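Peer 1: Got target.cif for you, mmCIF, C-alpha atoms and all ligand atoms:
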```cif
data_query
loop_
_atom_site.label_atom_id
_atom_site.label_comp_id
_atom_site.auth_asym_id
_atom_site.auth_seq_id
_atom_site.Cartn_x
_atom_site.Cartn_y
_atom_site.Cartn_z
CA MET W 1 17.67 -44.58 -12.96
CA LYS W 2 17.68 -43.46 -9.34
CA ARG W 3 15.13 -40.74 -8.54
CA VAL W 4 15.05 -39.10 -5.12
CA TYR W 5 12.15 -37.51 -3.25
CA ASN W 6 12.67 -33.84 -3.98
CA PHE W 7 11.28 -31.47 -1.34
CA SER W 8 12.54 -28.30 -3.03
CA SER W 9 10.34 -25.20 -2.79
CA GLY W 10 10.85 -24.41 -6.46
CA PRO W 11 11.85 -25.16 -9.10
CA ALA W 12 10.33 -28.31 -7.77
CA ILE W 13 9.30 -31.89 -8.33
CA LEU W 14 7.38 -32.71 -11.52
CA PRO W 15 5.15 -35.73 -12.08
CA LEU W 16 7.27 -38.56 -13.48
CA GLU W 17 4.62 -39.17 -16.14
CA VAL W 18 5.11 -35.61 -17.37
CA LEU W 19 8.89 -35.95 -17.54
CA LYS W 20 8.57 -39.20 -19.45
CA GLN W 21 6.17 -37.69 -21.97
CA ILE W 22 8.47 -34.75 -22.54
CA GLN W 23 11.35 -37.14 -23.06
CA GLU W 24 9.36 -39.29 -25.41
CA GLU W 25 8.31 -36.50 -27.73
CA LEU W 26 11.36 -34.28 -27.37
CA LEU W 27 12.93 -35.10 -30.74
CA ASP W 28 9.79 -35.16 -32.82
CA PHE W 29 6.78 -33.21 -31.63
CA ASN W 30 3.47 -34.35 -33.13
CA ASN W 31 5.10 -35.73 -36.26
CA SER W 32 6.51 -32.33 -37.13
CA GLY W 33 10.02 -33.72 -37.44
CA MET W 34 11.09 -31.01 -34.99
CA SER W 35 11.41 -30.66 -31.25
CA ILE W 36 8.94 -28.47 -29.40
CA LEU W 37 12.11 -26.54 -28.47
CA GLU W 38 12.65 -25.65 -32.12
CA ILE W 39 9.14 -24.77 -33.25
CA SER W 40 8.07 -21.22 -34.07
CA HIS W 41 5.62 -19.63 -31.67
CA ARG W 42 3.72 -18.43 -34.75
CA SER W 43 3.32 -21.92 -36.21
CA LYS W 44 0.01 -23.75 -36.35
CA THR W 45 1.55 -26.56 -34.32
CA TYR W 46 2.45 -24.23 -31.48
CA ASP W 47 -0.80 -22.34 -31.67
CA ALA W 48 -2.59 -25.60 -30.90
CA VAL W 49 -0.39 -26.09 -27.82
CA ILE W 50 -1.04 -22.67 -26.29
CA LYS W 51 -4.78 -22.77 -27.09
CA GLU W 52 -5.22 -26.22 -25.60
CA THR W 53 -3.26 -25.25 -22.49
CA GLU W 54 -5.59 -22.31 -21.91
CA LYS W 55 -8.63 -24.50 -22.56
CA ASP W 56 -7.47 -27.13 -20.08
CA LEU W 57 -6.73 -24.52 -17.42
CA ARG W 58 -10.22 -23.05 -17.85
CA GLU W 59 -11.75 -26.48 -17.55
CA ILE W 60 -9.73 -27.54 -14.49
CA MET W 61 -10.26 -24.29 -12.58
CA ASN W 62 -13.73 -23.65 -13.93
CA ILE W 63 -12.78 -20.23 -15.34
CA ASP W 64 -15.41 -18.39 -17.34
CA SER W 65 -14.77 -16.16 -20.33
CA ASN W 66 -15.08 -13.02 -18.17
CA TYR W 67 -11.59 -13.85 -16.91
CA LYS W 68 -8.59 -13.52 -19.22
CA ILE W 69 -5.59 -15.80 -18.96
CA LEU W 70 -2.09 -14.57 -19.69
CA PHE W 71 1.13 -16.50 -20.14
CA LEU W 72 3.89 -14.07 -19.24
CA GLN W 73 7.60 -13.91 -18.46
CA GLY W 74 9.62 -12.11 -15.82
CA GLY W 75 8.77 -14.43 -12.93
CA ALA W 76 6.14 -13.91 -10.29
CA SER W 77 8.26 -10.98 -9.06
CA ARG W 78 7.54 -9.06 -12.24
CA GLN W 79 3.91 -8.92 -11.16
CA PHE W 80 4.84 -7.08 -7.96
CA SER W 81 5.10 -3.95 -10.11
CA ASP W 82 2.81 -4.87 -13.01
CA ILE W 83 -0.19 -5.29 -10.71
CA PRO W 84 -0.23 -1.78 -9.21
CA LEU W 85 0.66 -0.30 -12.60
CA ASN W 86 -2.20 -2.05 -14.38
CA LEU W 87 -4.86 -1.95 -11.70
CA ALA W 88 -4.35 1.67 -10.63
CA LYS W 89 -7.40 3.87 -10.95
CA ASN W 90 -7.10 5.93 -7.78
CA GLY W 91 -3.52 4.88 -7.12
CA ILE W 92 -4.49 3.58 -3.65
CA PHE W 93 -3.46 0.01 -2.83
CA ALA W 94 -4.13 -2.12 0.28
CA TYR W 95 -1.62 -4.83 1.25
CA ILE W 96 -1.74 -7.65 3.77
CA THR W 97 1.81 -8.67 4.50
CA THR W 98 2.36 -12.23 5.67
CA GLY W 99 5.89 -12.92 4.48
CA GLN W 100 8.76 -11.85 2.30
CA PHE W 101 6.94 -12.00 -1.02
CA SER W 102 4.02 -9.85 0.08
CA GLU W 103 6.51 -7.44 1.70
CA LYS W 104 8.34 -7.20 -1.61
CA ALA W 105 5.08 -6.64 -3.48
CA TYR W 106 4.05 -3.95 -0.97
CA LYS W 107 7.39 -2.20 -1.30
CA GLU W 108 7.11 -2.26 -5.08
CA ALA W 109 3.56 -0.89 -5.05
CA LYS W 110 4.72 2.10 -3.02
CA LYS W 111 6.68 3.25 -6.06
CA TYR W 112 3.53 3.68 -8.11
CA GLY W 113 0.95 5.06 -5.72
CA LYS W 114 -0.07 5.13 -2.08
CA ALA W 115 0.19 1.65 -0.67
CA TYR W 116 -1.20 0.87 2.77
CA GLU W 117 -0.30 -2.11 4.91
CA ILE W 118 -3.74 -2.95 6.32
CA ALA W 119 -2.67 -6.10 8.22
CA SER W 120 0.54 -7.96 8.90
CA SER W 121 1.92 -10.92 10.80
CA LYS W 122 5.39 -9.45 11.05
CA ASP W 123 4.99 -9.10 14.86
CA LYS W 124 5.36 -12.88 15.27
CA ASP W 125 7.86 -13.68 12.52
CA TYR W 126 5.06 -14.33 10.01
CA SER W 127 4.03 -17.45 11.90
CA TYR W 128 0.29 -16.95 11.35
CA ILE W 129 -2.31 -15.37 9.07
CA PRO W 130 -3.97 -12.34 10.67
CA ASP W 131 -7.71 -12.04 11.13
CA CYS W 132 -8.87 -10.25 7.99
CA SER W 133 -12.61 -10.24 8.63
CA ASN W 134 -12.94 -6.53 9.34
CA LEU W 135 -9.95 -4.58 8.13
CA ASP W 136 -9.60 -0.89 7.73
CA ILE W 137 -9.54 -0.71 3.95
CA PRO W 138 -9.22 2.75 2.34
CA TYR W 139 -12.60 3.54 0.76
CA ASN W 140 -10.92 4.28 -2.57
CA ALA W 141 -8.47 1.37 -2.66
CA ASP W 142 -8.07 -0.13 -6.11
CA TYR W 143 -7.55 -3.63 -4.69
CA VAL W 144 -6.61 -5.69 -1.65
CA TYR W 145 -3.47 -7.79 -2.06
CA ILE W 146 -2.46 -11.06 -0.42
CA CYS W 147 0.13 -13.76 -0.87
CA ASP W 148 -2.19 -16.73 -0.49
CA ASN W 149 0.46 -19.29 0.43
CA ASN W 150 3.72 -18.15 1.96
CA THR W 151 6.39 -20.40 0.51
CA ILE W 152 9.15 -19.36 2.87
CA TYR W 153 7.26 -19.39 6.18
CA GLY W 154 4.77 -22.15 5.37
CA SER W 155 1.51 -20.33 6.10
CA LYS W 156 -1.69 -20.11 4.07
CA PHE W 157 -4.93 -18.13 4.04
CA HIS W 158 -7.70 -20.59 4.89
CA THR W 159 -10.28 -17.81 4.91
CA LEU W 160 -10.00 -15.09 2.31
CA PRO W 161 -9.99 -11.51 3.57
CA ASN W 162 -13.22 -9.57 3.62
CA THR W 163 -12.24 -7.00 1.00
CA LYS W 164 -15.44 -5.00 1.43
CA GLY W 165 -16.15 -5.08 -2.26
CA LYS W 166 -12.64 -4.32 -3.47
CA PRO W 167 -11.06 -6.73 -5.95
CA LEU W 168 -8.86 -9.32 -4.29
CA VAL W 169 -5.44 -9.83 -5.86
CA ALA W 170 -3.63 -13.01 -4.85
CA ASP W 171 -0.16 -14.35 -5.41
CA VAL W 172 -0.91 -18.07 -5.56
CA SER W 173 2.54 -19.09 -6.78
CA SER W 174 3.02 -21.88 -4.24
CA CYS W 175 -0.58 -23.11 -3.95
CA PHE W 176 -1.67 -22.82 -7.59
CA LEU W 177 -3.79 -25.82 -8.64
CA SER W 178 -3.39 -27.44 -5.22
CA GLU W 179 -7.07 -27.26 -4.30
CA GLU W 180 -10.44 -26.25 -5.69
CA ILE W 181 -10.98 -22.50 -5.58
CA ASP W 182 -13.79 -20.26 -6.72
CA ILE W 183 -12.15 -17.86 -9.17
CA GLU W 184 -15.09 -15.48 -8.76
CA ASN W 185 -13.68 -14.57 -5.33
CA TYR W 186 -10.68 -12.97 -6.99
CA GLY W 187 -10.05 -10.01 -9.26
CA LEU W 188 -6.64 -11.33 -10.23
CA VAL W 189 -4.58 -14.37 -9.34
CA TYR W 190 -1.10 -15.09 -10.54
CA ALA W 191 1.52 -17.78 -10.14
CA GLY W 192 5.05 -18.55 -11.16
CA ALA W 193 4.88 -21.96 -12.82
CA GLN W 194 7.93 -23.53 -11.21
CA LYS W 195 6.10 -25.15 -8.30
CA ASN W 196 2.78 -26.80 -9.18
CA ALA W 197 2.55 -25.76 -12.80
CA GLY W 198 5.75 -26.90 -14.40
CA ILE W 199 9.04 -25.11 -14.84
CA ALA W 200 10.53 -21.64 -14.47
CA GLY W 201 10.04 -19.05 -17.19
CA LEU W 202 6.26 -18.82 -17.16
CA THR W 203 3.97 -16.74 -14.99
CA VAL W 204 0.25 -17.35 -15.32
CA VAL W 205 -2.00 -14.35 -14.70
CA ILE W 206 -5.78 -14.77 -14.48
CA ILE W 207 -7.56 -11.44 -14.47
CA ARG W 208 -11.18 -10.38 -14.40
CA GLU W 209 -12.02 -8.56 -17.60
CA ASP W 210 -13.36 -5.37 -16.03
CA LEU W 211 -9.99 -4.73 -14.32
CA ILE W 212 -8.13 -4.54 -17.62
CA GLN W 213 -7.56 -0.93 -18.63
CA ASP W 214 -6.85 0.49 -22.08
CA ILE W 215 -5.10 3.54 -20.78
CA LEU W 216 -3.09 3.51 -17.58
CA PRO W 217 -2.47 6.49 -15.25
CA ILE W 218 1.30 5.90 -15.50
CA SER W 219 2.60 4.83 -18.88
CA VAL W 220 4.21 1.40 -18.67
CA ALA W 221 6.48 -0.73 -20.80
CA THR W 222 4.46 -2.31 -23.60
CA MET W 223 5.32 -5.78 -22.33
CA SER W 224 3.89 -4.93 -18.92
CA HIS W 225 0.51 -3.72 -20.16
CA TYR W 226 -2.08 -6.44 -19.56
CA LYS W 227 -4.37 -5.02 -22.24
CA ILE W 228 -1.71 -5.47 -24.90
CA GLN W 229 -0.96 -9.00 -23.72
CA VAL W 230 -4.68 -9.84 -23.73
CA ASP W 231 -5.22 -8.39 -27.21
CA ASN W 232 -2.27 -10.41 -28.49
CA GLU W 233 -3.26 -13.62 -26.68
CA SER W 234 0.12 -13.68 -24.90
CA LEU W 235 1.88 -13.61 -28.28
CA TYR W 236 2.92 -9.98 -28.45
CA ASN W 237 6.45 -11.33 -28.57
CA THR W 238 7.96 -14.80 -28.23
CA PRO W 239 6.36 -16.37 -25.17
CA PRO W 240 8.17 -18.95 -23.00
CA THR W 241 7.23 -21.69 -25.44
CA PHE W 242 8.73 -24.67 -23.65
CA SER W 243 7.43 -23.61 -20.21
CA ILE W 244 3.91 -23.27 -21.62
CA TYR W 245 4.21 -26.69 -23.25
CA VAL W 246 5.30 -28.24 -19.92
CA PHE W 247 2.43 -26.45 -18.17
CA GLY W 248 0.09 -28.03 -20.70
CA LYS W 249 1.46 -31.46 -19.84
CA VAL W 250 1.01 -30.82 -16.11
CA LEU W 251 -2.62 -29.83 -16.74
CA LYS W 252 -3.21 -33.06 -18.67
CA TRP W 253 -1.72 -34.94 -15.73
CA ILE W 254 -4.07 -33.15 -13.30
CA LYS W 255 -7.01 -34.11 -15.51
CA SER W 256 -5.83 -37.71 -15.73
CA VAL W 257 -5.75 -38.17 -11.96
CA GLY W 258 -9.22 -36.73 -11.46
CA GLY W 259 -8.87 -32.95 -11.46
CA LEU W 260 -8.52 -30.58 -8.54
CA LYS W 261 -10.94 -32.49 -6.34
CA GLU W 262 -8.63 -35.49 -6.31
CA ILE W 263 -5.49 -33.34 -6.14
CA GLN W 264 -6.88 -31.54 -3.09
CA LYS W 265 -7.81 -34.84 -1.42
CA ARG W 266 -4.27 -36.11 -1.92
CA ASN W 267 -2.75 -32.88 -0.64
CA VAL W 268 -4.92 -32.88 2.49
CA GLU W 269 -3.87 -36.45 3.21
CA LYS W 270 -0.17 -35.78 2.67
CA ALA W 271 -0.12 -32.64 4.82
CA LYS W 272 -2.10 -34.34 7.60
CA LEU W 273 0.40 -37.16 7.77
CA LEU W 274 3.25 -34.74 8.34
CA TYR W 275 1.50 -32.28 10.68
CA ASP W 276 0.02 -35.08 12.82
CA TYR W 277 3.50 -36.38 13.42
CA LEU W 278 4.94 -32.91 14.04
CA ASP W 279 2.26 -32.18 16.63
CA LYS W 280 3.18 -35.16 18.72
CA SER W 281 6.92 -35.23 18.16
CA LYS W 282 9.27 -34.46 21.04
CA LEU W 283 12.02 -33.31 18.72
CA PHE W 284 10.40 -31.53 15.78
CA ILE W 285 8.57 -28.26 16.31
CA PRO W 286 6.12 -26.91 13.69
CA LEU W 287 6.69 -23.21 12.97
CA ILE W 288 3.19 -22.11 11.93
CA ARG W 289 0.11 -21.68 14.08
CA LYS W 290 -2.35 -24.53 13.61
CA ASP W 291 -5.07 -22.50 11.89
CA SER W 292 -2.67 -20.99 9.33
CA ARG W 293 -0.66 -23.93 8.06
CA SER W 294 0.19 -24.52 4.42
CA MET W 295 -0.51 -27.83 2.71
CA MET W 296 2.34 -27.17 0.29
CA ASN W 297 5.25 -25.92 2.38
CA VAL W 298 5.56 -27.53 5.80
CA THR W 299 8.06 -25.73 8.01
CA PHE W 300 9.54 -26.99 11.26
CA LYS W 301 12.72 -27.19 13.28
CA THR W 302 14.34 -29.37 15.90
CA THR W 303 15.59 -28.27 19.30
CA SER W 304 18.89 -26.97 17.85
CA ASP W 305 20.42 -25.59 14.66
CA GLU W 306 23.02 -28.37 14.76
CA LEU W 307 20.34 -31.05 14.77
CA ASP W 308 18.51 -29.29 11.92
CA THR W 309 21.66 -29.47 9.82
CA LEU W 310 22.38 -33.06 10.79
CA PHE W 311 18.79 -34.03 9.98
CA CYS W 312 18.98 -32.57 6.46
CA MET W 313 22.34 -34.25 5.85
CA GLU W 314 21.14 -37.65 7.03
CA ALA W 315 17.85 -37.32 5.14
CA LYS W 316 19.75 -36.68 1.94
CA LYS W 317 21.57 -39.99 2.34
CA GLU W 318 18.12 -41.64 2.39
CA GLY W 319 17.10 -39.94 -0.87
CA LEU W 320 15.04 -37.21 0.84
CA VAL W 321 16.56 -34.06 -0.62
CA ASP W 322 16.32 -30.28 -0.35
CA LEU W 323 14.76 -30.15 3.11
CA LYS W 324 16.76 -27.18 4.35
CA GLY W 325 14.63 -24.21 5.39
CA HIS W 326 14.87 -20.93 3.49
CA ARG W 327 18.20 -19.23 4.11
CA SER W 328 16.51 -16.35 5.94
CA VAL W 329 14.46 -18.56 8.29
CA GLY W 330 16.61 -21.64 8.88
CA GLY W 331 15.13 -24.86 10.19
CA ILE W 332 13.57 -27.41 7.88
CA ARG W 333 11.00 -27.08 5.11
CA ALA W 334 9.32 -29.92 3.26
CA SER W 335 7.63 -28.66 0.11
CA ILE W 336 5.08 -31.30 -0.79
CA TYR W 337 3.59 -30.02 -4.02
CA ASN W 338 1.04 -31.86 -6.15
CA ALA W 339 3.67 -34.07 -7.78
CA MET W 340 5.03 -35.40 -4.46
CA PRO W 341 3.60 -38.87 -4.04
CA ILE W 342 2.27 -39.90 -0.64
CA GLU W 343 5.05 -42.49 -0.51
CA GLY W 344 7.55 -39.60 -0.34
CA VAL W 345 5.80 -38.09 2.67
CA LYS W 346 5.50 -41.50 4.36
CA LYS W 347 9.20 -42.09 3.86
CA LEU W 348 9.97 -38.65 5.29
CA VAL W 349 7.83 -39.24 8.40
CA GLU W 350 9.39 -42.67 8.93
CA PHE W 351 12.84 -41.14 8.68
CA MET W 352 11.88 -38.37 11.12
CA LYS W 353 10.75 -40.99 13.66
CA LYS W 354 13.99 -42.89 13.26
CA PHE W 355 15.99 -39.70 13.65
CA GLU W 356 14.02 -38.69 16.73
CA ASP W 357 14.64 -42.11 18.30
CA SER W 358 18.37 -41.70 17.74
CA VAL W 359 18.60 -38.35 19.53
CA ASP W 360 19.75 -38.17 23.18
CA GLU W 361 16.96 -37.76 25.73
CA ASP W 362 18.30 -34.39 26.93
CA LYS W 363 17.80 -32.89 23.45
CA LEU W 364 14.07 -33.71 23.41
CA ILE W 365 11.27 -31.43 24.53
CA LYS W 366 10.32 -32.35 28.11
N1 LIG W 401 5.70 -15.32 -4.74
C1 LIG W 401 5.82 -16.50 -4.11
C2 LIG W 401 4.73 -16.95 -3.19
C3 LIG W 401 6.96 -17.28 -4.31
O1 LIG W 401 7.10 -18.44 -3.66
C4 LIG W 401 7.98 -16.83 -5.18
C5 LIG W 401 9.22 -17.61 -5.48
N2 LIG W 401 9.53 -18.64 -4.71
C6 LIG W 401 7.79 -15.59 -5.80
C7 LIG W 401 6.65 -14.87 -5.57
C8 LIG W 401 8.84 -15.05 -6.74
O2 LIG W 401 8.82 -15.82 -7.88
P1 LIG W 401 9.86 -15.63 -9.07
O3 LIG W 401 11.15 -16.19 -8.59
O4 LIG W 401 9.23 -16.42 -10.18
O5 LIG W 401 9.94 -14.18 -9.37
#
```
Mind turning this structure into structure tokens?
Peer 2:
Amino acid sequence: MKRVYNFSSGPAILPLEVLKQIQEELLDFNNSGMSILEISHRSKTYDAVIKETEKDLREIMNIDSNYKILFLQGGASRQFSDIPLNLAKNGIFAYITTGQFSEKAYKEAKKYGKAYEIASSKDKDYSYIPDCSNLDIPYNADYVYICDNNTIYGSKFHTLPNTKGKPLVADVSSCFLSEEIDIENYGLVYAGAQKNAGIAGLTVVIIREDLIQDILPISVATMSHYKIQVDNESLYNTPPTFSIYVFGKVLKWIKSVGGLKEIQKRNVEKAKLLYDYLDKSKLFIPLIRKDSRSMMNVTFKTTSDELDTLFCMEAKKEGLVDLKGHRSVGGIRASIYNAMPIEGVKKLVEFMKKFEDSVDEDKLIK
């Protein structure tokens, strides 16, 4: 078996231990004589899986019972519309746009009420997180929205916005479970699972109870109504059973390595290794301002598009795959999610040094 170091932004690398466990129990789950892929979502066996997954998530993130946890489908993108629809009271929404996903969410929200862009980093190609300490937030805004970690650009909020008492809604898709957070700072967080939480097909929504409304100002599809999903414990219809099962395995893995404290420590170490090298390199140029850099998605480029392409091609030969930047940004992106071992980052940095040494002097930064 030859496994590579997979730097994909998502679907992304999974812990090998998790893959092995899935493989091991794929044909016969818990002595049921059936695969988890074949088991009814209404069965006792499956009920134990979904309940334990929720319990483990609560334990790992320290989530109290005043927050509800939903296991939904439709991708993180589905939440771009479901959030304004479910959280609307006044129909006034405040958005901070720091990349393509928050732009998409903002655009979607405009369909359902009055959405205001209260801060943005568009002026500098989303290369930083704006100062959000004293924003002009409409007095009657239902919430303030951020994309916490910008997968495409590689930036991250290191200080949460001062929302002046409004609930904070955060898309944490690409930084979910990467560090310790205080859930009490948020009204709602959500994440697509296919980065740090398993595989595609599952979106986890964590919502403070008081934001869940029985009756919504605009009537929505039943499947989109959080209240109905909460009342049915995410089993209104068939949930993404396998994706939830994989998420459960990932949570067990997080617990086994020492929880979010240890995960965060590892992530800080991995990111530091890469950024320290980038900051002194004469070939590679980091794309994000120092105070706004993501621990999960590290974006950079060389002095030319040709060298970027050559770098990714040569890296692939060394078993360092999927390093190409997002198609809209170009350059290089190393996604180093929880499951990426430090050895993968070390190997990447070593290869970068070797590549830099092989480049002609005139192509280096003077
Ligand atoms: N938000 C963020 C931060 C993302 O990185 C992505 C996908 N990469 C999305 C939203 C959209 O997720 P999905 O493809 O699950 O709709």
Peer 1: For chain W against ligand LIG 401 (chain W), with a cut-off of 9 Å and counting only C-alpha atoms and all ligand atoms, what is the closest atom pair and its distance in Å to one decimal for every residue that makes the cut, ordered by chain and number, as CSV?
Peer 2:
```
residue,atom,partner,partner_atom,distance
W:Ser9,CA,W:LIG401,N2,6.9
W:Gly10,CA,W:LIG401,N2,6.2
W:Pro11,CA,W:LIG401,N2,8.2
W:Gln73,CA,W:LIG401,O4,8.8
W:Gly74,CA,W:LIG401,O5,6.8
W:Gly75,CA,W:LIG401,O4,3.4
W:Ala76,CA,W:LIG401,O5,3.9
W:Ser77,CA,W:LIG401,O5,3.6
W:Arg78,CA,W:LIG401,O5,6.3
W:Gln79,CA,W:LIG401,O5,8.2
W:Phe80,CA,W:LIG401,C7,8.3
W:Gly99,CA,W:LIG401,C2,8.7
W:Gln100,CA,W:LIG401,N1,8.4
W:Phe101,CA,W:LIG401,N1,5.1
W:Ser102,CA,W:LIG401,N1,7.5
W:Lys104,CA,W:LIG401,C7,8.8
W:Ala105,CA,W:LIG401,C7,8.6
W:Cys147,CA,W:LIG401,C2,6.1
W:Asp148,CA,W:LIG401,C2,7.4
W:Asn149,CA,W:LIG401,C2,6.1
W:Asn150,CA,W:LIG401,C2,5.4
W:Thr151,CA,W:LIG401,O1,4.7
W:Ile152,CA,W:LIG401,O1,6.9
W:Asp171,CA,W:LIG401,C2,6.0
W:Val172,CA,W:LIG401,C2,6.2
W:Ser173,CA,W:LIG401,C2,4.7
W:Ser174,CA,W:LIG401,C2,5.3
W:Cys175,CA,W:LIG401,C2,8.2
W:Tyr190,CA,W:LIG401,N1,8.9
W:Ala191,CA,W:LIG401,N1,7.3
W:Gly192,CA,W:LIG401,O4,4.8
W:Ala193,CA,W:LIG401,O4,7.5
W:Gln194,CA,W:LIG401,O4,7.3
W:Lys195,CA,W:LIG401,N2,8.2
W:Ala200,CA,W:LIG401,O4,6.9
W:Gly201,CA,W:LIG401,O4,7.5
W:Leu202,CA,W:LIG401,O4,8.0
W:Thr203,CA,W:LIG401,O4,7.1
```
Peer 1: Write to file, as a PDB file, in the frame of the given file, the residues of the selection just made, with C-alpha atoms.
Peer 2:
```pdb
ATOM      1  CA  SER W   9      10.340 -25.200  -2.790  1.00  0.00           C
ATOM      2  CA  GLY W  10      10.850 -24.410  -6.460  1.00  0.00           C
ATOM      3  CA  PRO W  11      11.850 -25.160  -9.100  1.00  0.00           C
ATOM      4  CA  GLN W  73       7.600 -13.910 -18.460  1.00  0.00           C
ATOM      5  CA  GLY W  74       9.620 -12.110 -15.820  1.00  0.00           C
ATOM      6  CA  GLY W  75       8.770 -14.430 -12.930  1.00  0.00           C
ATOM      7  CA  ALA W  76       6.140 -13.910 -10.290  1.00  0.00           C
ATOM      8  CA  SER W  77       8.260 -10.980  -9.060  1.00  0.00           C
ATOM      9  CA  ARG W  78       7.540  -9.060 -12.240  1.00  0.00           C
ATOM     10  CA  GLN W  79       3.910  -8.920 -11.160  1.00  0.00           C
ATOM     11  CA  PHE W  80       4.840  -7.080  -7.960  1.00  0.00           C
ATOM     12  CA  GLY W  99       5.890 -12.920   4.480  1.00  0.00           C
ATOM     13  CA  GLN W 100       8.760 -11.850   2.300  1.00  0.00           C
ATOM     14  CA  PHE W 101       6.940 -12.000  -1.020  1.00  0.00           C
ATOM     15  CA  SER W 102       4.020  -9.850   0.080  1.00  0.00           C
ATOM     16  CA  LYS W 104       8.340  -7.200  -1.610  1.00  0.00           C
ATOM     17  CA  ALA W 105       5.080  -6.640  -3.480  1.00  0.00           C
ATOM     18  CA  CYS W 147       0.130 -13.760  -0.870  1.00  0.00           C
ATOM     19  CA  ASP W 148      -2.190 -16.730  -0.490  1.00  0.00           C
ATOM     20  CA  ASN W 149       0.460 -19.290   0.430  1.00  0.00           C
ATOM     21  CA  ASN W 150       3.720 -18.150   1.960  1.00  0.00           C
ATOM     22  CA  THR W 151       6.390 -20.400   0.510  1.00  0.00           C
ATOM     23  CA  ILE W 152       9.150 -19.360   2.870  1.00  0.00           C
ATOM     24  CA  ASP W 171      -0.160 -14.350  -5.410  1.00  0.00           C
ATOM     25  CA  VAL W 172      -0.910 -18.070  -5.560  1.00  0.00           C
ATOM     26  CA  SER W 173       2.540 -19.090  -6.780  1.00  0.00           C
ATOM     27  CA  SER W 174       3.020 -21.880  -4.240  1.00  0.00           C
ATOM     28  CA  CYS W 175      -0.580 -23.110  -3.950  1.00  0.00           C
ATOM     29  CA  TYR W 190      -1.100 -15.090 -10.540  1.00  0.00           C
ATOM     30  CA  ALA W 191       1.520 -17.780 -10.140  1.00  0.00           C
ATOM     31  CA  GLY W 192       5.050 -18.550 -11.160  1.00  0.00           C
ATOM     32  CA  ALA W 193       4.880 -21.960 -12.820  1.00  0.00           C
ATOM     33  CA  GLN W 194       7.930 -23.530 -11.210  1.00  0.00           C
ATOM     34  CA  LYS W 195       6.100 -25.150  -8.300  1.00  0.00           C
ATOM     35  CA  ALA W 200      10.530 -21.640 -14.470  1.00  0.00           C
ATOM     36  CA  GLY W 201      10.040 -19.050 -17.190  1.00  0.00           C
ATOM     37  CA  LEU W 202       6.260 -18.820 -17.160  1.00  0.00           C
ATOM     38  CA  THR W 203       3.970 -16.740 -14.990  1.00  0.00           C
TER      39      THR W 203
END
```
Peer 1: Between W:Leu37, W:Ile215, W:Ala94, W:Ile13, which one has atoms that come closest to Gly344 in chain W, using only C-alpha atoms?
Peer 2: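 Among the listed residues, the smallest separation from Gly344 in chain W belongs to W:Ile13.
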Peer 1: Counting all atoms listed in the file, which residue out of W:Tyr275, W:Phe284, W:Ser294, W:Arg333 sits closest to Val359 in chain W?
Peer 2: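 Of W:Tyr275, W:Phe284, W:Ser294, W:Arg333, the one nearest Val359 in chain W is W:Phe284, counting all atoms listed in the file.
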Peer 1: Which residues are close to Gly325 in chain W, i.e. within 9 Å by all atoms listed in the file, leaving aside same-chain residues fewer than 3 positions away? Reply as a list in words.
Peer 2: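 Residues near the query, excluding close chain neighbours: Ile152, Tyr153, Thr299, Phe300, Lys301, Asp322, Ser328, Val329, Gly330, Gly331, Ile332, Arg333 and Ala334 of chain W.
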Peer 1: Using only C-alpha atoms, find the one residue out of W:Pro138, W:Asp279, W:Phe71, W:Glu361 that sits nearest to Gly165 in chain W.
Peer 2: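 Looking only at the distances to Gly165 in chain W, the closest residue turns out to be W:Pro138.
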Peer 1: May I have the protein, DNA and RNA residues with an atom at most 12 Å from (-10.3, -33.9, -13.2), counting only C-alpha atoms in the file's coordinates, returned as a PDB file with C-alpha atoms, in the frame of the given file?
Peer 2:
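The result, stored in out-v5.pdb:
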```
ATOM      1  CA  ASP W  56      -7.470 -27.130 -20.080  1.00  0.00           C
ATOM      2  CA  LEU W  57      -6.730 -24.520 -17.420  1.00  0.00           C
ATOM      3  CA  ARG W  58     -10.220 -23.050 -17.850  1.00  0.00           C
ATOM      4  CA  GLU W  59     -11.750 -26.480 -17.550  1.00  0.00           C
ATOM      5  CA  ILE W  60      -9.730 -27.540 -14.490  1.00  0.00           C
ATOM      6  CA  MET W  61     -10.260 -24.290 -12.580  1.00  0.00           C
ATOM      7  CA  ASN W  62     -13.730 -23.650 -13.930  1.00  0.00           C
ATOM      8  CA  LEU W 177      -3.790 -25.820  -8.640  1.00  0.00           C
ATOM      9  CA  GLU W 179      -7.070 -27.260  -4.300  1.00  0.00           C
ATOM     10  CA  GLU W 180     -10.440 -26.250  -5.690  1.00  0.00           C
ATOM     11  CA  LEU W 251      -2.620 -29.830 -16.740  1.00  0.00           C
ATOM     12  CA  LYS W 252      -3.210 -33.060 -18.670  1.00  0.00           C
ATOM     13  CA  TRP W 253      -1.720 -34.940 -15.730  1.00  0.00           C
ATOM     14  CA  ILE W 254      -4.070 -33.150 -13.300  1.00  0.00           C
ATOM     15  CA  LYS W 255      -7.010 -34.110 -15.510  1.00  0.00           C
ATOM     16  CA  SER W 256      -5.830 -37.710 -15.730  1.00  0.00           C
ATOM     17  CA  VAL W 257      -5.750 -38.170 -11.960  1.00  0.00           C
ATOM     18  CA  GLY W 258      -9.220 -36.730 -11.460  1.00  0.00           C
ATOM     19  CA  GLY W 259      -8.870 -32.950 -11.460  1.00  0.00           C
ATOM     20  CA  LEU W 260      -8.520 -30.580  -8.540  1.00  0.00           C
ATOM     21  CA  LYS W 261     -10.940 -32.490  -6.340  1.00  0.00           C
ATOM     22  CA  GLU W 262      -8.630 -35.490  -6.310  1.00  0.00           C
ATOM     23  CA  ILE W 263      -5.490 -33.340  -6.140  1.00  0.00           C
ATOM     24  CA  GLN W 264      -6.880 -31.540  -3.090  1.00  0.00           C
TER      25      GLN W 264
END
```
